[in-house]
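I have placed the structure first, in the form of structure tokens, so that the comments after it can refer back to it.
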Amino acid sequence: MGKNAAKGVSGEEIWLDGKFVKWADANIHILTHTLHYGLGVFEGIRCYAGVDGRSSIFRLPEHIDRLFDSAKINLMEIPFSSAELVEATLESLRRNGLTEGYIRPLVFIGDGAMGLHPGDNPVRVAVIAWEWGKYLGDEGMARGIRAKVSTFSRHHVNAKMTNGKTCGDYVNSILAKREALLDGFDEAVMLDTQGLVSECTGENIFVVRNGQIKTPPLYSVLDGITRDSMIEVARRSGYSVEETQITRDDLYVADEIFLTGTAAEVTPIREIDHRQIGEGKRGPITEELQTAFFEIVTGADARYDHWRTFL
């Protein structure tokens, strides 16, 4: 493996602006516009080793489509086609010898003009792949994590459009995440500017009460691909799933709460603000959907093979 300054992240090659370069050579100029002002877009994608011996990427076309949507929202024109980025993603895994891994497509504005207007600075694109385990830990996946309601509000829909996965937006998430960790929790639940539940720092949130599942509506949250998947799977399994407003006290009296996201996958919450959720452990509906998710991404449930792009 090539050496890399980012702890826990290393590989052999990175796709950068249309060609593969050695990991250590994938560098940018210090005046790169996105580094200073945060205007860039990205995706998080996972590849799983299948029970059938084949590795596949979960919902790759949807992730690439969202990357292009994010770029359009931010007035950025990606200088490559969707098909080129799909192939770059697949080849990144192959070249780095990964049967499982995390993939990060990144679209950013290069160096040139400074100031808020990037002028004619080039739009650059990278695809990086590396090994990455459970984002919130193996214990968290099984036992559930502890969370707190953040003092930081989630972006207002018209202050920064919430459907774009924009680099600079995540300063908001970083502040909330660091606050939660400093206070002894694993994650932060963020409210919107009306005081209603929005999402966590990098995950969508679901609340279960009396066998019914609720999740905040799209106008206040990122349109998560794992979120969309779990809504479809839950409804197909016979559960009622409602996209509706959720209040802070709805969290406290929930029977179960779980998070979804490419990095977090399906992770239960066992406690919020020192209040035990349900029985203080992963609940039965969460466990059922979590099991279903991993059966889908590993090919054990062939009904969802259309969500898998094979290496």
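Here, A, B, ... name the chains of the structure tokens in the order displayed, residue numbers run from 1 inside each chain, and ligands are numbered from 1 in the same displayed order.
Using only C-alpha atoms, the protein and nucleic acid residues lying no more than 7 Å from stretch 64-80 of chain A, apart from those fewer than 6 places from it along its own chain, are Val41, Phe42, Glu43, Val123, Gly164, Lys165 and Thr166 of chain A.
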Near-A:Gly278 list (8 Å; only C-alpha atoms; drop same-chain fewer than 6 positions) as a short mmCIF file (atom, residue, chain, number, x, y, z; two decimals) with C-alpha atoms, in the first residue's frame:
data_model
loop_
_atom_site.label_atom_id
_atom_site.label_comp_id
_atom_site.auth_asym_id
_atom_site.auth_seq_id
_atom_site.Cartn_x
_atom_site.Cartn_y
_atom_site.Cartn_z
CA VAL A 253 -40.58 8.62 23.74
CA ALA A 254 -39.69 6.55 20.67
CA ASP A 255 -39.60 2.76 20.88
CA GLU A 256 -36.64 2.66 18.49
CA ARG A 270 -30.01 3.54 22.30
#
**Request:** Compile the contact shell of A:Leu259 as a ChimeraX atom specification: residues with an atom at most 12 Å away, counting only C-alpha atoms, same-chain residues fewer than 3 positions apart removed.
**Result:** /A:135-136,140-141,144-147,187-189,198-208,214-216,224,226-227,230,256,262-270,282,286-287,289-290
Residue set, stretch 123-204 of chain A restricted to alpha helix (DSSP H), as a compact mmCIF listing (two decimals) with N, CA and C atoms, in the first residue's frame:
# COMPACT_ATOMS: atom_id res chain seq x y z
N ASP A 138 -18.37 -1.24 15.32
CA ASP A 138 -19.08 -2.51 15.32
C ASP A 138 -20.01 -2.62 16.52
N GLU A 139 -19.57 -2.12 17.68
CA GLU A 139 -20.41 -2.18 18.86
C GLU A 139 -21.66 -1.32 18.68
N GLY A 140 -21.48 -0.16 18.07
CA GLY A 140 -22.61 0.72 17.83
C GLY A 140 -23.64 0.09 16.91
N MET A 141 -23.17 -0.66 15.92
CA MET A 141 -24.08 -1.32 14.99
C MET A 141 -24.95 -2.35 15.72
N ALA A 142 -24.38 -3.02 16.71
CA ALA A 142 -25.09 -4.08 17.40
C ALA A 142 -25.85 -3.58 18.62
N ARG A 143 -25.21 -2.73 19.41
CA ARG A 143 -25.79 -2.31 20.67
C ARG A 143 -26.55 -1.00 20.57
N TYR A 170 -20.53 20.94 5.38
CA TYR A 170 -20.18 20.00 6.43
C TYR A 170 -19.40 20.63 7.58
N VAL A 171 -19.06 21.91 7.46
CA VAL A 171 -18.56 22.62 8.64
C VAL A 171 -19.62 22.58 9.73
N ASN A 172 -20.87 22.77 9.35
CA ASN A 172 -22.00 22.67 10.26
C ASN A 172 -22.02 21.31 10.96
N SER A 173 -21.80 20.25 10.19
CA SER A 173 -21.79 18.90 10.76
C SER A 173 -20.59 18.68 11.67
N ILE A 174 -19.44 19.22 11.26
CA ILE A 174 -18.23 19.04 12.06
C ILE A 174 -18.39 19.69 13.43
N LEU A 175 -18.95 20.89 13.46
CA LEU A 175 -19.16 21.57 14.73
C LEU A 175 -20.07 20.75 15.64
N ALA A 176 -21.15 20.23 15.09
CA ALA A 176 -22.08 19.44 15.88
C ALA A 176 -21.46 18.13 16.34
N LYS A 177 -20.71 17.49 15.45
CA LYS A 177 -20.07 16.21 15.79
C LYS A 177 -19.03 16.41 16.89
N ARG A 178 -18.20 17.43 16.77
CA ARG A 178 -17.17 17.66 17.77
C ARG A 178 -17.79 18.01 19.12
N GLU A 179 -18.84 18.78 19.11
CA GLU A 179 -19.53 19.11 20.36
C GLU A 179 -20.04 17.83 21.02
N ALA A 180 -20.65 16.94 20.23
CA ALA A 180 -21.19 15.70 20.78
C ALA A 180 -20.08 14.84 21.39
N LEU A 181 -18.98 14.71 20.67
CA LEU A 181 -17.88 13.88 21.17
C LEU A 181 -17.27 14.48 22.44
N LEU A 182 -17.11 15.80 22.46
CA LEU A 182 -16.55 16.45 23.65
C LEU A 182 -17.46 16.28 24.85
**Asked** Which neighbours of A:Asp192 fall inside 8 Å, counting only C-alpha atoms, when residues of the same chain fewer than 5 positions from it are skipped, and could you give them as a PyMOL selection string?
**Response** chain A and resi 153-156+197-198+220
**Item:** Which of stretch 3-103 of chain A fall in strand (DSSP E), as a ChimeraX atom specification
**Value:** /A:13-16,19-22,40-42,45-49,55-58,101-103
Prev. selection, N, CA and C atoms, output as a JSON list (two decimals), in the first residue's frame:
[["chain", "number", "residue", "atom", "x", "y", "z"],
["A", 13, "GLU", "N", -3.53, 3.93, -6.07],
["A", 13, "GLU", "CA", -3.73, 4.95, -7.10],
["A", 13, "GLU", "C", -5.03, 5.71, -6.88],
["A", 14, "ILE", "N", -5.05, 6.94, -7.37],
["A", 14, "ILE", "CA", -6.23, 7.79, -7.32],
["A", 14, "ILE", "C", -6.51, 8.30, -8.73],
["A", 15, "TRP", "N", -7.79, 8.29, -9.10],
["A", 15, "TRP", "CA", -8.20, 8.84, -10.40],
["A", 15, "TRP", "C", -8.35, 10.34, -10.23],
["A", 16, "LEU", "N", -7.60, 11.11, -10.99],
["A", 16, "LEU", "CA", -7.60, 12.56, -10.87],
["A", 16, "LEU", "C", -7.63, 13.18, -12.26],
["A", 19, "LYS", "N", -7.19, 10.60, -15.28],
["A", 19, "LYS", "CA", -6.14, 9.59, -15.33],
["A", 19, "LYS", "C", -5.77, 9.15, -13.92],
["A", 20, "PHE", "N", -5.20, 7.96, -13.83],
["A", 20, "PHE", "CA", -4.77, 7.46, -12.54],
["A", 20, "PHE", "C", -3.35, 7.92, -12.24],
["A", 21, "VAL", "N", -3.16, 8.36, -11.00],
["A", 21, "VAL", "CA", -1.83, 8.77, -10.53],
["A", 21, "VAL", "C", -1.54, 8.02, -9.24],
["A", 22, "LYS", "N", -0.27, 7.93, -8.91],
["A", 22, "LYS", "CA", 0.11, 7.29, -7.66],
["A", 22, "LYS", "C", -0.49, 8.06, -6.49],
["A", 40, "GLY", "N", -17.50, 22.90, -3.37],
["A", 40, "GLY", "CA", -17.19, 21.64, -4.03],
["A", 40, "GLY", "C", -18.31, 20.68, -3.68],
["A", 41, "VAL", "N", -18.38, 19.55, -4.36],
["A", 41, "VAL", "CA", -19.41, 18.55, -4.08],
["A", 41, "VAL", "C", -18.77, 17.18, -4.04],
["A", 42, "PHE", "N", -19.42, 16.26, -3.35],
["A", 42, "PHE", "CA", -18.83, 14.94, -3.22],
["A", 42, "PHE", "C", -19.91, 13.89, -3.01],
["A", 45, "ILE", "N", -19.74, 6.38, -1.28],
["A", 45, "ILE", "CA", -20.28, 5.18, -1.92],
["A", 45, "ILE", "C", -19.57, 3.97, -1.31],
["A", 46, "ARG", "N", -20.26, 2.86, -1.20],
["A", 46, "ARG", "CA", -19.63, 1.65, -0.66],
["A", 46, "ARG", "C", -19.68, 0.48, -1.65],
["A", 47, "CYS", "N", -18.62, -0.30, -1.59],
["A", 47, "CYS", "CA", -18.54, -1.57, -2.31],
["A", 47, "CYS", "C", -18.52, -2.69, -1.28],
["A", 48, "TYR", "N", -19.27, -3.75, -1.56],
["A", 48, "TYR", "CA", -19.38, -4.88, -0.65],
["A", 48, "TYR", "C", -18.98, -6.18, -1.35],
["A", 49, "ALA", "N", -18.32, -7.06, -0.61],
["A", 49, "ALA", "CA", -18.06, -8.41, -1.10],
["A", 49, "ALA", "C", -19.33, -9.22, -0.93],
["A", 55, "SER", "N", -18.02, -8.92, -5.93],
["A", 55, "SER", "CA", -18.09, -7.63, -5.27],
["A", 55, "SER", "C", -18.97, -6.70, -6.08],
["A", 56, "SER", "N", -19.71, -5.83, -5.37],
["A", 56, "SER", "CA", -20.59, -4.91, -6.07],
["A", 56, "SER", "C", -20.69, -3.60, -5.31],
["A", 57, "ILE", "N", -20.98, -2.55, -6.06],
["A", 57, "ILE", "CA", -21.16, -1.22, -5.48],
["A", 57, "ILE", "C", -22.65, -0.98, -5.32],
["A", 58, "PHE", "N", -23.03, -0.48, -4.14],
["A", 58, "PHE", "CA", -24.44, -0.30, -3.84],
["A", 58, "PHE", "C", -24.95, 1.00, -4.44],
["A", 101, "GLY", "N", -14.88, -1.67, 0.08],
["A", 101, "GLY", "CA", -14.26, -0.39, 0.35],
["A", 101, "GLY", "C", -15.23, 0.78, 0.23],
["A", 102, "TYR", "N", -14.70, 1.93, 0.57],
["A", 102, "TYR", "CA", -15.45, 3.18, 0.50],
["A", 102, "TYR", "C", -14.90, 3.99, -0.67],
["A", 103, "ILE", "N", -15.79, 4.64, -1.41],
["A", 103, "ILE", "CA", -15.39, 5.41, -2.59],
["A", 103, "ILE", "C", -15.84, 6.86, -2.41]]
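Take the candidates A:Asn27, A:Thr291, A:Thr162, A:Ser81 and check each one against A:Val233 using only C-alpha atoms; the shortest distance goes to A:Thr291.
The residue that comes closest to A:Leu93, out of A:Ala113, A:Leu106, A:Ile128, A:Leu31 and on the basis of only C-alpha atoms, is A:Ile128.
Distances to A:His33 were evaluated for A:His63, A:His274, A:Arg94, A:His117 using only C-alpha atoms, and the minimum falls at A:His117.
Ranking A:Leu251, A:Ala26, A:Ile246, A:Ala234 by their shortest atom-to-atom distance to A:Gly211, with only C-alpha atoms included, puts A:Ala234 first.
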